[in-house]
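First comes the structure, then the notes that go with it.
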Amino acid sequence: VNGDGFDDVILAAASAYNGTLYAAGNVKLFLGSASGVSFATPALTLLGENMYSGLGGDVYSLGDVNHDGFDDVMIVAGESGSVTGGVHRRSRMHLGSASGLSSTPTWTSPYARLAVSDVNGDGFIDLVTTSGATGLVYQGSAAGDFSATPSIWSETLVGGVIASAGDVNNDGFGDILLGDPGYSVGMKYFFYEKLLGRASLYLGSPTGLSSTPVWTMSPSGLAGQAQYGAKLAAAGDVNGDGYGDVLIGAPFQSPNYFHYDNYLGRPLDYTYQEGALYLYLGTPTGLSASAGWTLAPNALLNWDYNHAQIGNHFRSLGDINKDGYSDFLVGTVGPNLGEFIFLGGAGSTTPSTGDSGGTTTEGKGRGKKR
C-alpha cells in the first residue's frame, strides 16, 4: 500500500474491544520490508467507533483503484451500533500512499458484501453487490473512486453470497459467482429444510454483467446441511490452460445422520460438519459441467476430522512457487485446526499437496498442521 515494492499485511479483529466498547473491532496495518514484515508496531491502527460495530468484519484488497502507484483497501464495519439496536454495516475505501493507508475513508457504500472485479473491461475496478434479488454495480472511474449511485445488472437473483470469479472464459472481462447456501431442492427431514445449496456464474462483457446466469451448480452427493455456495473464491489459473478457475465450498457437508430428539421435540442434525471443497475449471463458455477436483476431509486428515468444515476457509495464494500455476490455501477448524497449501500444475485437474504430492497428512508435504 505504500508503493515500496514489499507486500504489506492487514490484521483485523472485528470482535475486539475499543476501551469499553464491546466488539467495536480494529484493523492494523503492518508494512513489509527487505527483512520481512515486522509485527512489533503497526503503521496504522483503525478503531471501531461503536459497540458491536465490528470494524474489520471483512477486508478487501482493491489493487490500485486510482492508478497512483499505491494499492487501496476496502474495510467493512458497522456504521452505528448499540446493545439494543441493530448495526448497519457499510464498506469504506482507504487509499494507499507513500506513508501507508489513509486513516479516513474516501468513499463509502451501504453494502457489506462486495465482489471486486472489472466486469466491463474498461480498466477500472468495479464493486459488485446484491440487495435482495437485485444485483448492483458501482462503476470504477479514472478519478479513482466509484459511482455514487450503482447500476442494476439483474433483478432476479437468488442468494446473497457474492465473489469475484476472475476471468473464467478468458475474454478480458471479470466474472462473478453468486452463492445460495439456503437452496433446499424441496428436501426435508421431519419438516425441516435440508439446506444443500447451489452456486451460479454471471459473465462480464463490454456492457457489464449478464442478467441471467450462464452456469448453475448444485452437485450430486450433497448431504446434511451442506450449504454449498456459502463460501466462494476465484482460484486463478490452477491448471495453466489460460482460463480462470474457481473454488466453491460446502462447509457443512456431512454423512446424512439425523436423530429425532423426543425431549426437544425436533430433529437434531448430528452430521459432523466435515465439509467439502470443489474446484471448477474455466472454459471458453464459462465453467466445467462437473468439478475437476473435490477435497473431502478424509483425503486431507489422517485422524479425527469431525467438524473440520473444509470449504469454510480457503483462498487463492497466487503463484507462490513461481512455476506459472496458481496455488491455494485450505484451512480447517475445530479440533482439526490447520492450514494446507495446494499447488497447481501443468494440464492437471488435481492440485498437488506440496513438494511431495500425494495425500497431505500432518507434517507431510507442504500442508502443515498448526
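By convention here, the chains of the C-alpha cells are called A, B, ... in the order presented, each chain's residues are numbered starting at 1, and ligands are numbered starting at 1 in the order presented.
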
Checklist entry - Using only C-alpha atoms, which residues sit within 12 Å of Tyr22 in chain A once same-chain residues fewer than 5 positions away are excluded, as an MDAnalysis selection string? => result chainID A and resid 13:17 47:55 81:83

Checklist outcome for this item: Pairwise distance, CA of Thr130 in chain A with CA of Asp64 in chain A, equals 23.6 Å

Next on the checklist: as a PyMOL selection string, please: every residue in range 199-256 of chain A that DSSP puts in strand (DSSP E).
Outcome noted: chain A and resi 199-202+215-217+231-236+245-250

Next on the checklist: Would you pick out the contacts of Gly221 in chain A at 12 Å or less, using only C-alpha atoms, so that residues sharing its chain but fewer than 5 positions from it are not included, and give the list as a VMD selection string?
Outcome noted: chain A and resid 196 to 197 226 228 250 253 to 256 276 294 296

Take the residues that were just selected and, keeping N, CA, C and O atoms, output them as a JSON list (two decimals), in the first residue's frame.
[["chain", "number", "residue", "atom", "x", "y", "z"],
["A", 196, "LEU", "N", -29.04, -27.71, 1.06],
["A", 196, "LEU", "CA", -27.95, -28.28, 0.28],
["A", 196, "LEU", "C", -27.12, -27.20, -0.41],
["A", 196, "LEU", "O", -25.90, -27.28, -0.44],
["A", 197, "GLY", "N", -27.79, -26.18, -0.97],
["A", 197, "GLY", "CA", -27.08, -25.06, -1.56],
["A", 197, "GLY", "C", -26.81, -25.20, -3.05],
["A", 197, "GLY", "O", -26.89, -26.28, -3.63],
["A", 226, "ALA", "N", -25.39, -29.17, 3.94],
["A", 226, "ALA", "CA", -24.11, -28.92, 3.27],
["A", 226, "ALA", "C", -23.83, -27.43, 3.06],
["A", 226, "ALA", "O", -22.71, -26.97, 3.21],
["A", 228, "TYR", "N", -23.68, -25.74, 0.30],
["A", 228, "TYR", "CA", -22.81, -25.50, -0.85],
["A", 228, "TYR", "C", -23.05, -24.07, -1.37],
["A", 228, "TYR", "O", -24.19, -23.65, -1.54],
["A", 250, "ALA", "N", -18.65, -26.28, 0.47],
["A", 250, "ALA", "CA", -19.84, -26.80, 1.14],
["A", 250, "ALA", "C", -19.41, -27.11, 2.57],
["A", 250, "ALA", "O", -19.13, -28.26, 2.92],
["A", 253, "GLN", "N", -21.03, -30.03, 4.71],
["A", 253, "GLN", "CA", -21.26, -31.32, 4.07],
["A", 253, "GLN", "C", -20.86, -32.44, 5.04],
["A", 253, "GLN", "O", -19.80, -32.39, 5.66],
["A", 254, "SER", "N", -21.73, -33.46, 5.19],
["A", 254, "SER", "CA", -21.51, -34.50, 6.19],
["A", 254, "SER", "C", -22.26, -35.76, 5.81],
["A", 254, "SER", "O", -23.18, -35.72, 5.00],
["A", 255, "PRO", "N", -21.90, -36.89, 6.42],
["A", 255, "PRO", "CA", -22.77, -38.06, 6.31],
["A", 255, "PRO", "C", -24.16, -37.70, 6.81],
["A", 255, "PRO", "O", -24.31, -36.99, 7.80],
["A", 256, "ASN", "N", -25.17, -38.15, 6.13],
["A", 256, "ASN", "CA", -26.54, -37.75, 6.43],
["A", 256, "ASN", "C", -27.07, -38.52, 7.63],
["A", 256, "ASN", "O", -27.70, -39.57, 7.51],
["A", 276, "ALA", "N", -16.64, -29.96, 2.45],
["A", 276, "ALA", "CA", -16.06, -30.37, 1.17],
["A", 276, "ALA", "C", -15.75, -29.12, 0.36],
["A", 276, "ALA", "O", -16.37, -28.07, 0.53],
["A", 294, "THR", "N", -12.23, -32.49, -6.14],
["A", 294, "THR", "CA", -13.01, -32.32, -4.91],
["A", 294, "THR", "C", -12.16, -32.72, -3.72],
["A", 294, "THR", "O", -11.46, -33.74, -3.76],
["A", 296, "ALA", "N", -12.31, -33.74, 0.21],
["A", 296, "ALA", "CA", -13.06, -34.17, 1.38],
["A", 296, "ALA", "C", -12.07, -34.37, 2.53],
["A", 296, "ALA", "O", -10.88, -34.62, 2.31]]

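Proximity to Leu44 in chain A at 12 Å, evaluated using only C-alpha atoms and with sequence-adjacent residues fewer than 4 positions away removed, yields Val1, Asn2, Asp8, Val9, Ile10, Leu11, Ala12, Asn26, Val27, Lys28, Leu29, Phe30, Leu31, Phe39, His94, Gly96, Ser99, Gly100, Leu101, Ser102, Ser103 and Thr104 of chain A.
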
Next on the checklist: List the spatial neighbours of Val214 in chain A as a VMD selection string - criterion: any atom at most 8 Å away, only C-alpha atoms, same-chain residues fewer than 5 positions off excluded.
Outcome noted: chain A and resid 200 to 203 286

Could you dump the residues just selected with C-alpha atoms as a PDB file, in the first residue's frame?
ATOM      1  CA  SER A 200     -24.285 -19.548 -10.209  1.00  0.00           C
ATOM      2  CA  LEU A 201     -21.918 -17.786 -12.610  1.00  0.00           C
ATOM      3  CA  TYR A 202     -22.516 -14.433 -14.323  1.00  0.00           C
ATOM      4  CA  LEU A 203     -20.192 -13.366 -17.137  1.00  0.00           C
ATOM      5  CA  GLY A 286     -17.878 -20.481 -18.515  1.00  0.00           C
TER       6      GLY A 286
END

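If you look at CA of Ser154 in chain A and CA of Ser210 in chain A, they are 7.8 Å away from each other.
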
Dump as JSON lines the rows for residues of range 97-139 of chain A within 12 Å of range 161-175 of chain A: closest atom pair and distance in Å with one decimal, only C-alpha atoms counted, ordered by chain and rising residue number.
{"residue": "A:Tyr111", "atom": "CA", "partner": "A:Ile162", "partner_atom": "CA", "distance": 11.8}
{"residue": "A:Ala112", "atom": "CA", "partner": "A:Ile162", "partner_atom": "CA", "distance": 10.6}
{"residue": "A:Arg113", "atom": "CA", "partner": "A:Ile162", "partner_atom": "CA", "distance": 6.8}
{"residue": "A:Leu114", "atom": "CA", "partner": "A:Ile162", "partner_atom": "CA", "distance": 6.6}
{"residue": "A:Ala115", "atom": "CA", "partner": "A:Ala163", "partner_atom": "CA", "distance": 4.6}
{"residue": "A:Val116", "atom": "CA", "partner": "A:Ser164", "partner_atom": "CA", "distance": 6.0}
{"residue": "A:Ser117", "atom": "CA", "partner": "A:Gly174", "partner_atom": "CA", "distance": 5.3}
{"residue": "A:Asp118", "atom": "CA", "partner": "A:Gly174", "partner_atom": "CA", "distance": 5.1}
{"residue": "A:Val119", "atom": "CA", "partner": "A:Gly174", "partner_atom": "CA", "distance": 4.3}
{"residue": "A:Asn120", "atom": "CA", "partner": "A:Phe173", "partner_atom": "CA", "distance": 5.8}
{"residue": "A:Gly121", "atom": "CA", "partner": "A:Phe173", "partner_atom": "CA", "distance": 4.9}
{"residue": "A:Asp122", "atom": "CA", "partner": "A:Phe173", "partner_atom": "CA", "distance": 8.7}
{"residue": "A:Gly123", "atom": "CA", "partner": "A:Phe173", "partner_atom": "CA", "distance": 9.6}
{"residue": "A:Phe124", "atom": "CA", "partner": "A:Gly174", "partner_atom": "CA", "distance": 10.9}
{"residue": "A:Ile125", "atom": "CA", "partner": "A:Gly174", "partner_atom": "CA", "distance": 9.4}
{"residue": "A:Asp126", "atom": "CA", "partner": "A:Gly174", "partner_atom": "CA", "distance": 9.3}
{"residue": "A:Leu127", "atom": "CA", "partner": "A:Ser164", "partner_atom": "CA", "distance": 9.6}
{"residue": "A:Val128", "atom": "CA", "partner": "A:Ile162", "partner_atom": "CA", "distance": 8.1}
{"residue": "A:Thr129", "atom": "CA", "partner": "A:Ile162", "partner_atom": "CA", "distance": 6.9}
{"residue": "A:Thr130", "atom": "CA", "partner": "A:Ile162", "partner_atom": "CA", "distance": 7.8}
{"residue": "A:Ser131", "atom": "CA", "partner": "A:Val161", "partner_atom": "CA", "distance": 10.8}
{"residue": "A:Gly132", "atom": "CA", "partner": "A:Val161", "partner_atom": "CA", "distance": 10.9}
{"residue": "A:Ala133", "atom": "CA", "partner": "A:Val161", "partner_atom": "CA", "distance": 11.8}
{"residue": "A:Gly135", "atom": "CA", "partner": "A:Ile162", "partner_atom": "CA", "distance": 10.0}
{"residue": "A:Leu136", "atom": "CA", "partner": "A:Ile162", "partner_atom": "CA", "distance": 11.3}

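Reported to one decimal place, the separation of CA of Gly229 in chain A from CA of Gly275 in chain A is 11.7 Å.
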
Next on the checklist: From the options A:Asp180, A:Asp145, A:Asp71, A:Asp58, which residue's atoms come nearest to Ser91 in chain A, counting only C-alpha atoms?
Outcome noted: A:Asp58

Item to check | For Ser288 in chain A, the nearest of the candidates A:Gly244, A:Gly311, A:Gly318, A:Gly159, counting only C-alpha atoms | outcome: A:Gly244

Checklist entry - Do you know which residues are at most 8 Å from Ser33 in chain A counting only C-alpha atoms, after dropping those on the same chain fewer than 2 positions away, and could you put them as number ranges by chain? => result A: 6-7, 31, 35-37

Checklist entry - Quick one: of A:Val65, A:Ile248, A:Gly345, A:Ala308, who's nearest to Lys322 in chain A, counting only C-alpha atoms? => result A:Gly345

Next on the checklist: Using only C-alpha atoms, which protein or nucleic acid residues come within 12 Å of Asp319 in chain A? Drop anything in the same chain fewer than 5 positions from it, and give the result as a list in words.
Outcome noted: Ala235, Gly236, Asp237, Val238, Asn239, Gly240, Gly324, Tyr325, Ser326, Asp327, Phe328, Leu329, Ile341, Phe342, Leu343, Gly344 and Gly345 of chain A

Next, dump the selected residues to file, keeping only N, CA and C atoms, as a PDB file, in the first residue's frame.
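Output below, filename result-v2.pdb:
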ATOM      1  N   ALA A 235      -9.879 -18.916  -8.015  1.00  0.00           N
ATOM      2  CA  ALA A 235      -8.682 -19.703  -7.720  1.00  0.00           C
ATOM      3  C   ALA A 235      -7.500 -19.323  -8.580  1.00  0.00           C
ATOM      4  N   GLY A 236      -7.702 -18.433  -9.573  1.00  0.00           N
ATOM      5  CA  GLY A 236      -6.665 -18.198 -10.545  1.00  0.00           C
ATOM      6  C   GLY A 236      -6.632 -19.343 -11.549  1.00  0.00           C
ATOM      7  N   ASP A 237      -5.574 -19.427 -12.334  1.00  0.00           N
ATOM      8  CA  ASP A 237      -5.459 -20.493 -13.340  1.00  0.00           C
ATOM      9  C   ASP A 237      -4.641 -21.639 -12.746  1.00  0.00           C
ATOM     10  N   VAL A 238      -5.330 -22.598 -12.127  1.00  0.00           N
ATOM     11  CA  VAL A 238      -4.671 -23.678 -11.399  1.00  0.00           C
ATOM     12  C   VAL A 238      -3.976 -24.656 -12.348  1.00  0.00           C
ATOM     13  N   ASN A 239      -4.573 -24.925 -13.493  1.00  0.00           N
ATOM     14  CA  ASN A 239      -4.011 -25.942 -14.385  1.00  0.00           C
ATOM     15  C   ASN A 239      -3.320 -25.371 -15.620  1.00  0.00           C
ATOM     16  N   GLY A 240      -3.169 -24.069 -15.689  1.00  0.00           N
ATOM     17  CA  GLY A 240      -2.358 -23.453 -16.729  1.00  0.00           C
ATOM     18  C   GLY A 240      -2.914 -23.520 -18.131  1.00  0.00           C
ATOM     19  N   GLY A 324       4.271 -20.777 -12.627  1.00  0.00           N
ATOM     20  CA  GLY A 324       3.315 -20.405 -13.656  1.00  0.00           C
ATOM     21  C   GLY A 324       1.905 -20.895 -13.422  1.00  0.00           C
ATOM     22  N   TYR A 325       1.643 -21.543 -12.269  1.00  0.00           N
ATOM     23  CA  TYR A 325       0.317 -22.085 -11.962  1.00  0.00           C
ATOM     24  C   TYR A 325      -0.142 -21.557 -10.600  1.00  0.00           C
ATOM     25  N   SER A 326      -1.427 -21.227 -10.524  1.00  0.00           N
ATOM     26  CA  SER A 326      -1.971 -20.666  -9.291  1.00  0.00           C
ATOM     27  C   SER A 326      -2.086 -21.734  -8.215  1.00  0.00           C
ATOM     28  N   ASP A 327      -1.855 -21.324  -6.981  1.00  0.00           N
ATOM     29  CA  ASP A 327      -1.915 -22.195  -5.811  1.00  0.00           C
ATOM     30  C   ASP A 327      -2.957 -21.656  -4.843  1.00  0.00           C
ATOM     31  N   PHE A 328      -3.387 -22.489  -3.896  1.00  0.00           N
ATOM     32  CA  PHE A 328      -4.397 -22.012  -2.954  1.00  0.00           C
ATOM     33  C   PHE A 328      -4.232 -22.653  -1.583  1.00  0.00           C
ATOM     34  N   LEU A 329      -4.840 -22.010  -0.607  1.00  0.00           N
ATOM     35  CA  LEU A 329      -4.752 -22.404   0.798  1.00  0.00           C
ATOM     36  C   LEU A 329      -6.111 -22.897   1.268  1.00  0.00           C
ATOM     37  N   ILE A 341      -1.553 -26.079   1.984  1.00  0.00           N
ATOM     38  CA  ILE A 341      -1.306 -25.418   0.710  1.00  0.00           C
ATOM     39  C   ILE A 341      -1.369 -26.450  -0.407  1.00  0.00           C
ATOM     40  N   PHE A 342      -2.108 -26.104  -1.470  1.00  0.00           N
ATOM     41  CA  PHE A 342      -2.213 -26.955  -2.647  1.00  0.00           C
ATOM     42  C   PHE A 342      -1.610 -26.223  -3.838  1.00  0.00           C
ATOM     43  N   LEU A 343      -0.760 -26.930  -4.574  1.00  0.00           N
ATOM     44  CA  LEU A 343      -0.054 -26.341  -5.703  1.00  0.00           C
ATOM     45  C   LEU A 343      -0.706 -26.739  -7.018  1.00  0.00           C
ATOM     46  N   GLY A 344      -0.871 -25.760  -7.908  1.00  0.00           N
ATOM     47  CA  GLY A 344      -1.364 -26.050  -9.243  1.00  0.00           C
ATOM     48  C   GLY A 344      -0.316 -26.759 -10.072  1.00  0.00           C
ATOM     49  N   GLY A 345      -0.725 -27.279 -11.237  1.00  0.00           N
ATOM     50  CA  GLY A 345       0.221 -27.995 -12.078  1.00  0.00           C
ATOM     51  C   GLY A 345      -0.198 -28.000 -13.536  1.00  0.00           C
TER      52      GLY A 345
END

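Residue nearest Trp153 in chain A within the list A:Thr106, A:Ser211, A:Ser184, A:Ser205: A:Ser211 [criterion: smallest interatomic distance, only C-alpha atoms].
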